[in-house]
$ cat work36.txt   # compact mmCIF, C-alpha atoms
# COMPACT_ATOMS: atom_id res chain seq x y z
CA MET A 121 273.01 -200.13 139.02
CA PRO A 122 276.51 -201.56 139.67
CA THR A 123 277.69 -201.24 143.26
CA ASP A 124 281.40 -201.86 142.65
CA GLU A 125 283.84 -202.61 139.84
CA PHE A 126 283.02 -206.33 139.96
CA SER A 127 279.29 -205.85 139.45
CA PHE A 128 280.16 -203.25 136.78
CA ILE A 129 282.20 -205.85 134.88
CA GLU A 130 279.48 -208.44 135.37
CA GLN A 131 276.74 -206.14 134.09
CA TYR A 132 278.45 -204.79 131.00
CA PHE A 133 281.38 -206.95 129.93
CA SER A 134 281.52 -210.47 131.35
CA GLN A 135 278.88 -211.92 129.04
CA LEU A 136 279.75 -210.35 125.70
CA ASN A 137 279.27 -212.90 122.90
CA PRO A 138 278.95 -216.02 125.08
CA ASP A 139 278.52 -218.08 121.90
CA LEU A 140 282.15 -217.27 121.07
CA GLU A 141 283.41 -218.82 124.31
CA HIS A 142 283.12 -222.36 122.95
CA HIS A 143 284.73 -221.35 119.67
CA ALA A 144 287.57 -219.65 121.56
CA THR A 145 288.51 -222.86 123.35
CA GLY A 146 289.43 -224.25 119.97
CA LYS A 147 291.86 -221.35 119.57
CA GLY A 148 293.52 -222.01 122.91
CA LEU A 149 291.40 -220.18 125.50
CA VAL A 150 291.54 -222.04 128.82
CA LEU A 151 289.97 -219.42 131.13
CA GLY A 152 288.44 -216.02 130.39
CA ILE A 153 286.97 -213.30 132.62
CA GLY A 154 286.52 -214.03 136.31
CA ASP A 155 289.92 -214.78 137.85
CA ASP A 156 293.17 -212.86 138.43
CA ALA A 157 294.20 -213.44 134.82
CA ALA A 158 293.03 -215.16 131.67
CA LEU A 159 294.66 -218.43 130.62
CA VAL A 160 295.52 -219.00 126.96
CA ASN A 161 297.39 -221.91 125.40
CA MET A 162 299.07 -220.07 122.52
CA ASN A 163 300.33 -221.97 119.49
CA GLY A 164 301.92 -220.07 116.59
CA THR A 165 303.13 -216.51 116.01
CA TYR A 166 301.05 -213.76 117.61
CA ALA A 167 300.95 -210.01 116.98
CA ILE A 168 300.23 -208.06 120.17
CA THR A 169 299.24 -204.40 120.24
CA THR A 170 297.95 -201.83 122.73
CA ASP A 171 296.02 -198.62 122.07
CA THR A 172 294.54 -196.03 124.41
CA LEU A 173 291.65 -193.70 123.55
CA ILE A 174 291.41 -190.60 125.73
CA GLU A 175 288.41 -188.31 125.93
CA ASN A 176 288.92 -185.05 124.00
CA VAL A 177 292.12 -186.39 122.45
CA HIS A 178 290.83 -189.37 120.49
CA PHE A 179 287.08 -188.84 120.86
CA PHE A 180 284.82 -185.94 121.75
CA THR A 181 282.79 -185.77 124.94
CA ASN A 182 279.21 -186.81 124.11
CA PHE A 183 280.42 -188.88 121.16
CA ASN A 184 278.07 -191.72 120.20
CA PRO A 185 278.94 -194.44 122.77
CA PHE A 186 278.00 -197.32 120.45
CA LEU A 187 280.43 -196.02 117.81
CA LEU A 188 283.02 -195.50 120.52
CA GLY A 189 282.67 -199.17 121.47
CA ASN A 190 283.28 -200.04 117.81
CA ARG A 191 286.22 -197.67 117.56
CA THR A 192 287.85 -198.93 120.75
CA LEU A 193 288.40 -202.29 119.06
CA ASP A 194 288.74 -201.20 115.42
CA VAL A 195 291.92 -199.21 116.10
CA ASN A 196 293.53 -202.30 117.60
CA PHE A 197 292.27 -204.75 114.99
CA SER A 198 293.64 -202.42 112.31
CA ASP A 199 297.13 -202.82 113.83
CA LEU A 200 296.78 -206.59 113.83
CA TYR A 201 295.64 -206.71 110.21
CA ALA A 202 298.56 -204.45 109.27
CA MET A 203 300.84 -207.19 110.62
CA GLY A 204 299.03 -209.96 108.75
CA ALA A 205 297.38 -211.30 111.91
CA GLN A 206 293.82 -212.38 112.72
CA PRO A 207 292.26 -211.02 115.97
CA GLN A 208 291.85 -213.68 118.65
CA TYR A 209 291.52 -212.03 122.09
CA VAL A 210 291.41 -208.59 123.69
CA THR A 211 291.71 -207.18 127.19
CA LEU A 212 290.01 -203.91 128.17
CA SER A 213 291.07 -201.37 130.82
CA LEU A 214 289.00 -198.36 131.82
CA ASP A 215 289.97 -195.27 133.83
CA ILE A 216 286.52 -193.98 134.76
CA PRO A 217 286.03 -190.43 136.12
CA ASP A 218 283.19 -189.57 138.49
CA ARG A 219 280.81 -188.28 135.84
CA TYR A 220 280.83 -191.66 134.07
CA ILE A 221 280.04 -193.69 137.19
CA ASP A 222 276.39 -194.86 137.13
CA PHE A 223 276.08 -193.53 133.57
CA ASP A 224 274.01 -196.40 132.13
CA GLU A 225 273.05 -194.33 129.09
CA PHE A 226 276.72 -194.44 128.08
CA TRP A 227 277.87 -197.88 129.20
CA GLU A 228 274.99 -199.92 127.81
CA PRO A 229 275.46 -198.78 124.16
CA PHE A 230 279.25 -198.76 124.59
CA ALA A 231 279.11 -202.43 125.60
CA ARG A 232 276.84 -203.20 122.64
CA GLY A 233 279.36 -201.53 120.34
CA LEU A 234 282.08 -203.74 121.76
CA GLN A 235 279.88 -206.79 121.40
CA ALA A 236 279.05 -206.10 117.75
CA THR A 237 282.68 -205.52 116.78
CA LEU A 238 283.92 -208.58 118.64
CA ALA A 239 281.35 -210.67 116.78
CA ASP A 240 282.23 -209.11 113.41
CA HIS A 241 285.89 -210.10 113.86
CA ASN A 242 285.29 -213.39 115.68
CA CYS A 243 287.25 -212.19 118.71
CA LEU A 244 286.71 -212.54 122.46
CA LEU A 245 287.14 -210.19 125.45
CA ILE A 246 289.05 -212.21 128.06
CA GLY A 247 289.91 -209.73 130.84
CA GLY A 248 291.08 -206.26 131.82
CA ASN A 249 290.94 -203.69 134.61
CA ILE A 250 288.64 -201.01 136.04
CA THR A 251 289.92 -197.89 137.85
CA HIS A 252 287.77 -195.12 139.33
CA VAL A 253 289.42 -191.71 138.90
CA SER A 254 287.96 -189.22 141.37
CA HIS A 255 289.55 -186.06 139.92
CA LYS A 256 286.66 -184.01 138.53
CA SER A 257 288.35 -182.94 135.31
CA ALA A 258 289.96 -186.30 134.53
CA PRO A 259 289.11 -187.68 131.07
CA LEU A 260 287.67 -191.09 130.39
CA ALA A 261 290.53 -193.32 129.20
CA ILE A 262 289.98 -196.61 127.39
CA SER A 263 292.87 -199.01 126.78
CA VAL A 264 292.79 -202.27 124.82
CA THR A 265 295.45 -204.89 124.33
CA ALA A 266 294.73 -207.12 121.34
CA PHE A 267 296.23 -210.46 120.37
CA GLY A 268 296.21 -211.72 116.79
CA LYS A 269 297.55 -214.90 115.22
CA SER A 270 299.40 -214.82 111.90
CA TYR A 271 297.17 -215.95 109.03
CA ILE A 272 300.11 -217.87 107.60
CA GLU A 273 302.67 -219.17 110.07
CA GLY A 274 306.08 -217.73 109.33
CA LYS A 275 304.68 -214.85 107.25
CA SER A 276 303.93 -211.34 108.42
CA LEU A 277 303.51 -207.84 107.00
CA ARG A 278 306.32 -205.52 108.12
CA ARG A 279 307.27 -201.92 107.53
CA ASN A 280 310.85 -202.75 106.52
CA GLN A 281 310.01 -204.94 103.53
CA ALA A 282 309.20 -202.40 100.80
CA LYS A 283 311.22 -203.01 97.62
CA VAL A 284 312.21 -200.60 94.84
CA GLY A 285 309.66 -200.99 92.05
CA ASP A 286 306.83 -202.05 94.38
CA LEU A 287 303.50 -200.30 93.90
CA ILE A 288 301.91 -198.49 96.85
CA VAL A 289 298.26 -199.48 97.29
CA VAL A 290 295.62 -198.28 99.77
CA THR A 291 292.31 -199.87 100.78
CA GLY A 292 289.02 -198.02 100.93
CA ASN A 293 288.48 -194.25 100.70
CA LEU A 294 290.34 -191.38 102.33
CA GLY A 295 289.38 -188.21 104.17
CA ALA A 296 286.03 -188.94 105.84
CA ASN A 297 287.30 -189.13 109.40
CA GLY A 298 289.58 -186.15 108.96
CA LEU A 299 286.69 -184.09 107.59
CA TYR A 300 284.44 -185.10 110.49
CA VAL A 301 287.04 -184.13 113.08
CA LYS A 302 287.81 -180.84 111.29
CA SER A 303 284.12 -179.97 111.06
CA MET A 304 283.74 -180.62 114.78
CA TYR A 305 286.68 -178.38 115.69
CA ASN A 306 285.58 -175.49 113.46
CA ASN A 307 281.89 -176.14 114.22
CA ALA A 308 281.00 -176.51 110.53
CA ILE A 309 279.12 -179.66 111.57
CA ARG A 310 276.33 -177.32 112.69
CA ASN A 311 275.47 -176.86 109.00
CA LEU A 312 274.05 -180.40 108.92
CA ASP A 313 270.70 -181.31 110.43
CA SER A 314 270.70 -183.95 113.17
CA ASP A 315 269.93 -186.87 110.84
CA ALA A 316 272.63 -185.85 108.36
CA LYS A 317 275.14 -185.34 111.17
CA LYS A 318 274.36 -188.79 112.60
CA SER A 319 274.67 -190.40 109.17
CA PHE A 320 278.00 -188.68 108.45
CA GLU A 321 279.34 -189.58 111.89
CA GLU A 322 278.51 -193.25 111.34
CA HIS A 323 280.11 -193.11 107.90
CA ALA A 324 283.27 -191.37 109.16
CA PHE A 325 283.81 -193.99 111.86
CA ASN A 326 282.90 -197.00 109.77
CA TYR A 327 285.45 -199.82 109.56
CA ASP A 328 285.12 -202.42 106.82
CA VAL A 329 284.55 -205.72 108.63
CA ARG A 330 285.80 -207.54 105.52
CA MET A 331 289.35 -206.37 106.20
CA GLY A 332 290.24 -209.68 107.82
CA LYS A 333 289.12 -211.64 104.78
CA PHE A 334 291.09 -209.29 102.55
CA VAL A 335 294.26 -209.59 104.65
CA SER A 336 294.01 -213.38 104.54
CA LEU A 337 294.54 -212.98 100.77
CA LEU A 338 297.04 -210.13 101.00
CA VAL A 339 299.59 -212.06 103.07
CA LYS A 340 300.08 -214.42 100.15
CA TYR A 341 301.27 -211.59 97.88
CA SER A 342 302.74 -208.80 100.03
CA GLN A 343 305.32 -208.53 102.79
CA CYS A 344 304.89 -204.88 103.75
CA ALA A 345 301.97 -202.90 105.17
CA ILE A 346 300.94 -200.25 107.69
CA ASP A 347 297.56 -199.00 108.87
CA VAL A 348 296.68 -195.38 108.21
CA SER A 349 295.99 -194.22 111.74
CA ASP A 350 297.80 -190.86 111.87
CA GLY A 351 297.89 -189.70 108.24
CA LEU A 352 298.76 -191.14 104.85
CA LEU A 353 301.98 -189.16 104.28
CA GLY A 354 303.40 -189.82 107.71
CA ASP A 355 302.38 -193.46 107.85
CA ILE A 356 303.86 -194.21 104.42
CA SER A 357 307.00 -192.45 105.64
CA HIS A 358 307.33 -195.01 108.44
CA ILE A 359 307.63 -197.67 105.73
CA LEU A 360 310.15 -195.59 103.78
CA ILE A 361 312.34 -194.94 106.80
CA GLN A 362 312.46 -198.59 107.84
CA SER A 363 312.84 -199.92 104.29
CA LYS A 364 315.43 -197.24 103.35
CA VAL A 365 313.62 -196.19 100.19
CA ARG A 366 311.75 -193.22 98.75
CA ALA A 367 308.33 -192.97 97.10
CA LEU A 368 306.40 -191.26 94.35
CA LEU A 369 302.80 -190.50 95.38
CA ASN A 370 300.20 -189.58 92.76
CA TYR A 371 297.84 -187.16 94.47
CA GLU A 372 295.35 -187.36 91.57
CA SER A 373 294.89 -191.09 92.14
CA LEU A 374 293.94 -190.79 95.82
CA PRO A 375 290.49 -192.34 96.48
CA LEU A 376 288.86 -189.33 98.13
CA ASP A 377 285.72 -190.30 100.01
CA PRO A 378 282.69 -189.53 97.78
CA ILE A 379 280.30 -188.76 100.66
CA SER A 380 282.81 -186.30 102.10
CA LYS A 381 283.15 -184.65 98.68
CA SER A 382 279.38 -184.22 98.55
CA LEU A 383 279.42 -182.35 101.90
CA LEU A 384 282.17 -179.85 101.07
CA SER A 385 279.73 -177.09 100.11
CA GLU A 386 277.89 -177.43 103.43
CA PHE A 387 281.17 -177.21 105.28
CA LYS A 388 282.36 -174.32 103.06
CA MET A 389 285.53 -176.24 102.24
CA SER A 390 287.37 -176.88 98.97
CA GLN A 391 288.35 -180.19 97.43
CA LYS A 392 291.97 -179.20 98.05
CA ALA A 393 291.14 -179.02 101.76
CA LEU A 394 289.74 -182.56 101.59
CA LEU A 395 292.88 -183.65 99.74
CA LYS A 396 294.99 -182.22 102.57
CA LEU A 397 292.89 -184.08 105.12
CA ALA A 398 293.22 -187.30 103.12
CA LEU A 399 297.00 -186.93 103.12
CA SER A 400 297.72 -185.63 106.59
CA SER A 401 294.84 -186.45 108.92
CA GLY A 402 294.35 -189.91 110.34
CA GLY A 403 291.41 -191.92 111.48
CA ASP A 404 290.24 -193.69 108.32
CA TYR A 405 292.15 -196.84 109.36
CA ASN A 406 292.79 -197.99 105.83
CA LEU A 407 295.62 -200.35 105.06
CA VAL A 408 298.54 -199.19 102.91
CA PHE A 409 300.71 -201.95 101.45
CA THR A 410 303.49 -202.35 98.92
CA ILE A 411 303.38 -205.09 96.31
CA SER A 412 305.01 -206.04 93.02
CA LYS A 413 303.05 -205.42 89.82
CA GLU A 414 302.81 -209.15 89.14
CA ASN A 415 301.54 -209.94 92.62
CA LEU A 416 299.03 -207.09 92.49
CA ALA A 417 297.54 -208.64 89.36
CA SER A 418 297.22 -211.98 91.17
CA LEU A 419 295.68 -210.33 94.24
CA GLU A 420 293.14 -208.44 92.13
CA SER A 421 292.21 -211.68 90.39
CA GLU A 422 291.55 -213.36 93.73
CA LEU A 423 289.54 -210.37 94.92
CA LYS A 424 287.23 -210.64 91.92
CA ALA A 425 286.69 -214.31 92.65
CA GLN A 426 285.56 -213.69 96.25
CA ASP A 427 281.85 -212.89 96.44
CA GLU A 428 282.06 -211.52 99.97
CA LEU A 429 284.79 -209.08 98.90
CA ARG A 430 282.79 -207.70 95.99
CA GLY A 431 283.19 -203.91 96.09
CA PHE A 432 286.17 -203.99 98.44
CA ARG A 433 288.23 -201.14 97.05
CA ILE A 434 291.99 -201.07 96.57
CA THR A 435 293.73 -198.24 94.70
CA THR A 436 297.28 -197.90 93.44
CA ILE A 437 298.53 -194.47 94.58
CA GLY A 438 302.29 -194.57 94.06
CA GLU A 439 305.54 -196.44 93.66
CA ILE A 440 308.59 -197.23 95.78
CA THR A 441 311.79 -195.68 94.42
CA GLU A 442 315.45 -195.88 95.28
CA ALA A 443 316.94 -193.63 97.98
CA LYS A 444 320.59 -193.20 97.05
CA ASP A 445 320.93 -190.35 99.54
CA TYR A 446 319.16 -192.17 102.37
CA ASP A 447 321.97 -191.54 104.85
CA ASN A 448 321.14 -187.83 104.70
CA PHE A 449 317.75 -188.49 106.28
CA ASN A 450 316.85 -189.23 109.86
CA SER A 451 313.91 -190.56 111.82
CA SER A 452 312.41 -187.09 112.30
CA LEU A 453 311.15 -187.46 108.74
CA SER A 454 308.82 -190.22 109.86
CA THR A 455 306.00 -187.69 110.26
CA ASP A 456 306.78 -184.99 107.70
CA GLY A 457 306.64 -186.86 104.40
CA GLY A 458 310.17 -185.77 103.45
CA LEU A 459 310.91 -189.01 101.57
CA ILE A 460 307.81 -188.67 99.38
CA THR A 461 307.68 -186.87 96.04
CA ILE A 462 304.13 -185.86 95.13
CA VAL A 463 303.30 -186.12 91.41
CA ASN A 464 300.30 -185.85 89.11
CA ASN A 465 298.88 -188.35 86.63
CA LYS A 466 301.68 -187.49 84.18
CA CYS A 467 304.28 -188.27 86.85
CA GLN A 468 305.22 -184.59 86.98
CA GLU A 469 306.33 -183.32 90.38
CA VAL A 470 303.93 -180.82 91.95
CA THR A 471 304.19 -178.50 94.91
CA LEU A 472 301.33 -178.67 97.39
CA ARG A 473 301.30 -176.84 100.71
CA LEU A 474 300.00 -179.63 102.90
CA GLY A 475 301.52 -179.00 106.32
CA THR A 476 302.47 -181.88 108.59
CA GLY A 477 302.59 -185.38 107.19
CA SER A 478 300.53 -187.02 109.93
CA TYR A 479 298.98 -186.53 113.34
CA ASN A 480 301.60 -185.86 115.99
CA HIS A 481 300.77 -186.10 119.68
CA PHE A 482 303.62 -183.70 120.49
CA ILE A 483 302.34 -180.72 118.47
CA ALA A 484 299.03 -178.90 118.07
CA ASN A 485 297.28 -180.55 115.13
CA TYR A 486 294.16 -178.40 114.85

$ encode --input "work36.txt" --output "structure tokens"
Amino acid sequence: MPTDEFSFIEQYFSQLNPDLEHHATGKGLVLGIGDDAALVNMNGTYAITTDTLIENVHFFTNFNPFLLGNRTLDVNFSDLYAMGAQPQYVTLSLDIPDRYIDFDEFWEPFARGLQATLADHNCLLIGGNITHVSHKSAPLAISVTAFGKSYIEGKSLRRNQAKVGDLIVVTGNLGANGLYVKSMYNNAIRNLDSDAKKSFEEHAFNYDVRMGKFVSLLVKYSQCAIDVSDGLLGDISHILIQSKVRALLNYESLPLDPISKSLLSEFKMSQKALLKLALSSGGDYNLVFTISKENLASLESELKAQDELRGFRITTIGEITEAKDYDNFNSSLSTDGGLITIVNNKCQEVTLRLGTGSYNHFIANY
């Protein structure tokens, strides 16, 4: 049992993936955990991002701690990949309330989740901070800062680079995480037995570890991307605002998650409800990118040639269009999807009551 924050760090975090330490020196690591700060000799362009996960905001109390360890890093790595950068190092900060002190049943699998995800993405934990919060009702808060190096020096993926005529493409499937969260809030999850619930939970929080390999190809053909963390409509709108364009989005082409579709009857929900979750709830951490038709053909050709990317799904869901009246819009549209016209397979505009475009920390979302 740890007696202070230093023994806590030593027990759970100081020895994660020791085999990566030697590899990390080749990427510029001079000194990792154990001193006042890590030392890194950085060469090249780095993307740097920070995310915080707060109990009962980003994860439920009693959530699977191994999956939480995965998720803690996945949300940050997703940001790096969306910038065209390869994860190199992370720092971890924990605000630990009383009830989590001496909670080995939580910290041991949490640390294993971190370890597995670090290994999957060839990344190293190099430092951080531990704070004990004595207030009884305080939530557990987990913060990570992640550093990633551009796959191609001088090239990055940015939100302001979408061009009129580009196709809008998304990786993976949509809606699983939104359905899981919704079923937890309305308690529909009780309709699944324990094994089915565990299986769906693992599926809903799965992150494709091949994303890095895919992005290493993508940066050769695209200049614009964003990760879907808060909701497809709102996150695409961030691109549209910064690129000063509009978009057509074909709702019938959206890759709705097949496992989630198979559970709709148990949750007493319609496919339209899953469609709404796919458009406006976050958490799937897919990548949305814009790309010319010619470059998409080249990218798809490379994908087919890569054995380890066999089955990696990308789906064209829309097109970037001109925004002649852009000056009439403002940044408040970045979460309401106001620059997006939703169409069907015949490119006919449709009206769908879908609510907010993405998760918003400043309003009630459920």

$ residues_near_point --input "work36.txt" --point "(306.3, -216.2, 113.8)" --cutoff "9 Å" --atoms "only C-alpha atoms" --output "ChimeraX atom specification"
/A:164-167,269-270,272-276

$ residues_around --input "work36.txt" --residues "Leu419 (chain A)" --least-positions-apart "5" --cutoff "9 Å" --atoms "all atoms listed in the file" --output "PyMOL selection string"
chain A and resi 337-338+340-341+414+424

$ closest_residue --input "work36.txt" --among "A:Glu225, A:Asp315, A:Glu175, A:Glu321" --to "Leu260 (chain A)" --atoms "only C-alpha atoms"
A:Glu175

$ closest_residue --input "work36.txt" --among "A:Leu245, A:Leu352, A:Ala266, A:Val177" --to "Thr291 (chain A)" --atoms "all atoms listed in the file"
A:Leu352

$ residues_around --input "work36.txt" --residues "Thr410 (chain A)" --least-positions-apart "4" --cutoff "9 Å" --atoms "all atoms listed in the file" --output "number ranges by chain"
A: 281-283, 286-290, 342-345, 439-440

$ write_last_selection --input "work36.txt" --atoms "C-alpha atoms" --output "CSV table (one decimal), in the frame of the given file"
chain,number,residue,atom,x,y,z
A,281,GLN,CA,310.0,-204.9,103.5
A,282,ALA,CA,309.2,-202.4,100.8
A,283,LYS,CA,311.2,-203.0,97.6
A,286,ASP,CA,306.8,-202.0,94.4
A,287,LEU,CA,303.5,-200.3,93.9
A,288,ILE,CA,301.9,-198.5,96.8
A,289,VAL,CA,298.3,-199.5,97.3
A,290,VAL,CA,295.6,-198.3,99.8
A,342,SER,CA,302.7,-208.8,100.0
A,343,GLN,CA,305.3,-208.5,102.8
A,344,CYS,CA,304.9,-204.9,103.8
A,345,ALA,CA,302.0,-202.9,105.2
A,439,GLU,CA,305.5,-196.4,93.7
A,440,ILE,CA,308.6,-197.2,95.8

$ closest_residue --input "work36.txt" --among "A:Asp404, A:Glu469, A:Asp194, A:Asp427" --to "Thr265 (chain A)" --atoms "all atoms listed in the file"
A:Asp194

$ decode --input "work36.txt" --residues "region 161-173 of chain A" --atoms "N, CA and C atoms" --output "mmCIF file, in the first residue's frame"
data_model
loop_
_atom_site.group_PDB
_atom_site.id
_atom_site.type_symbol
_atom_site.label_atom_id
_atom_site.label_comp_id
_atom_site.auth_asym_id
_atom_site.auth_seq_id
_atom_site.Cartn_x
_atom_site.Cartn_y
_atom_site.Cartn_z
ATOM 1 N N ASN A 161 15.092 16.269 -25.693
ATOM 2 C CA ASN A 161 15.756 16.995 -26.778
ATOM 3 C C ASN A 161 14.850 16.877 -28.000
ATOM 4 N N MET A 162 14.093 17.937 -28.271
ATOM 5 C CA MET A 162 13.055 17.885 -29.308
ATOM 6 C C MET A 162 13.590 18.419 -30.629
ATOM 7 N N ASN A 163 13.369 17.628 -31.679
ATOM 8 C CA ASN A 163 13.836 17.988 -33.010
ATOM 9 C C ASN A 163 12.682 17.794 -33.985
ATOM 10 N N GLY A 164 12.198 18.877 -34.599
ATOM 11 C CA GLY A 164 11.072 18.789 -35.508
ATOM 12 C C GLY A 164 9.856 19.523 -34.970
ATOM 13 N N THR A 165 8.737 19.416 -35.673
ATOM 14 C CA THR A 165 7.499 20.085 -35.285
ATOM 15 C C THR A 165 6.656 19.149 -34.428
ATOM 16 N N TYR A 166 6.236 19.645 -33.270
ATOM 17 C CA TYR A 166 5.450 18.853 -32.333
ATOM 18 C C TYR A 166 4.053 19.427 -32.163
ATOM 19 N N ALA A 167 3.058 18.548 -32.120
ATOM 20 C CA ALA A 167 1.709 18.909 -31.680
ATOM 21 C C ALA A 167 1.626 18.613 -30.195
ATOM 22 N N ILE A 168 1.030 19.519 -29.435
ATOM 23 C CA ILE A 168 0.923 19.372 -27.985
ATOM 24 C C ILE A 168 -0.526 19.600 -27.592
ATOM 25 N N THR A 169 -1.094 18.684 -26.825
ATOM 26 C CA THR A 169 -2.500 18.790 -26.453
ATOM 27 C C THR A 169 -2.695 18.385 -24.999
ATOM 28 N N THR A 170 -3.750 18.906 -24.382
ATOM 29 C CA THR A 170 -4.088 18.564 -23.004
ATOM 30 C C THR A 170 -5.574 18.250 -22.914
ATOM 31 N N ASP A 171 -5.912 17.174 -22.227
ATOM 32 C CA ASP A 171 -7.309 16.822 -21.971
ATOM 33 C C ASP A 171 -7.472 16.419 -20.517
ATOM 34 N N THR A 172 -8.637 16.753 -19.954
ATOM 35 C CA THR A 172 -8.965 16.369 -18.591
ATOM 36 C C THR A 172 -10.238 15.544 -18.592
ATOM 37 N N LEU A 173 -10.222 14.422 -17.901
ATOM 38 C CA LEU A 173 -11.407 13.584 -17.710
ATOM 39 C C LEU A 173 -11.841 13.712 -16.257
#
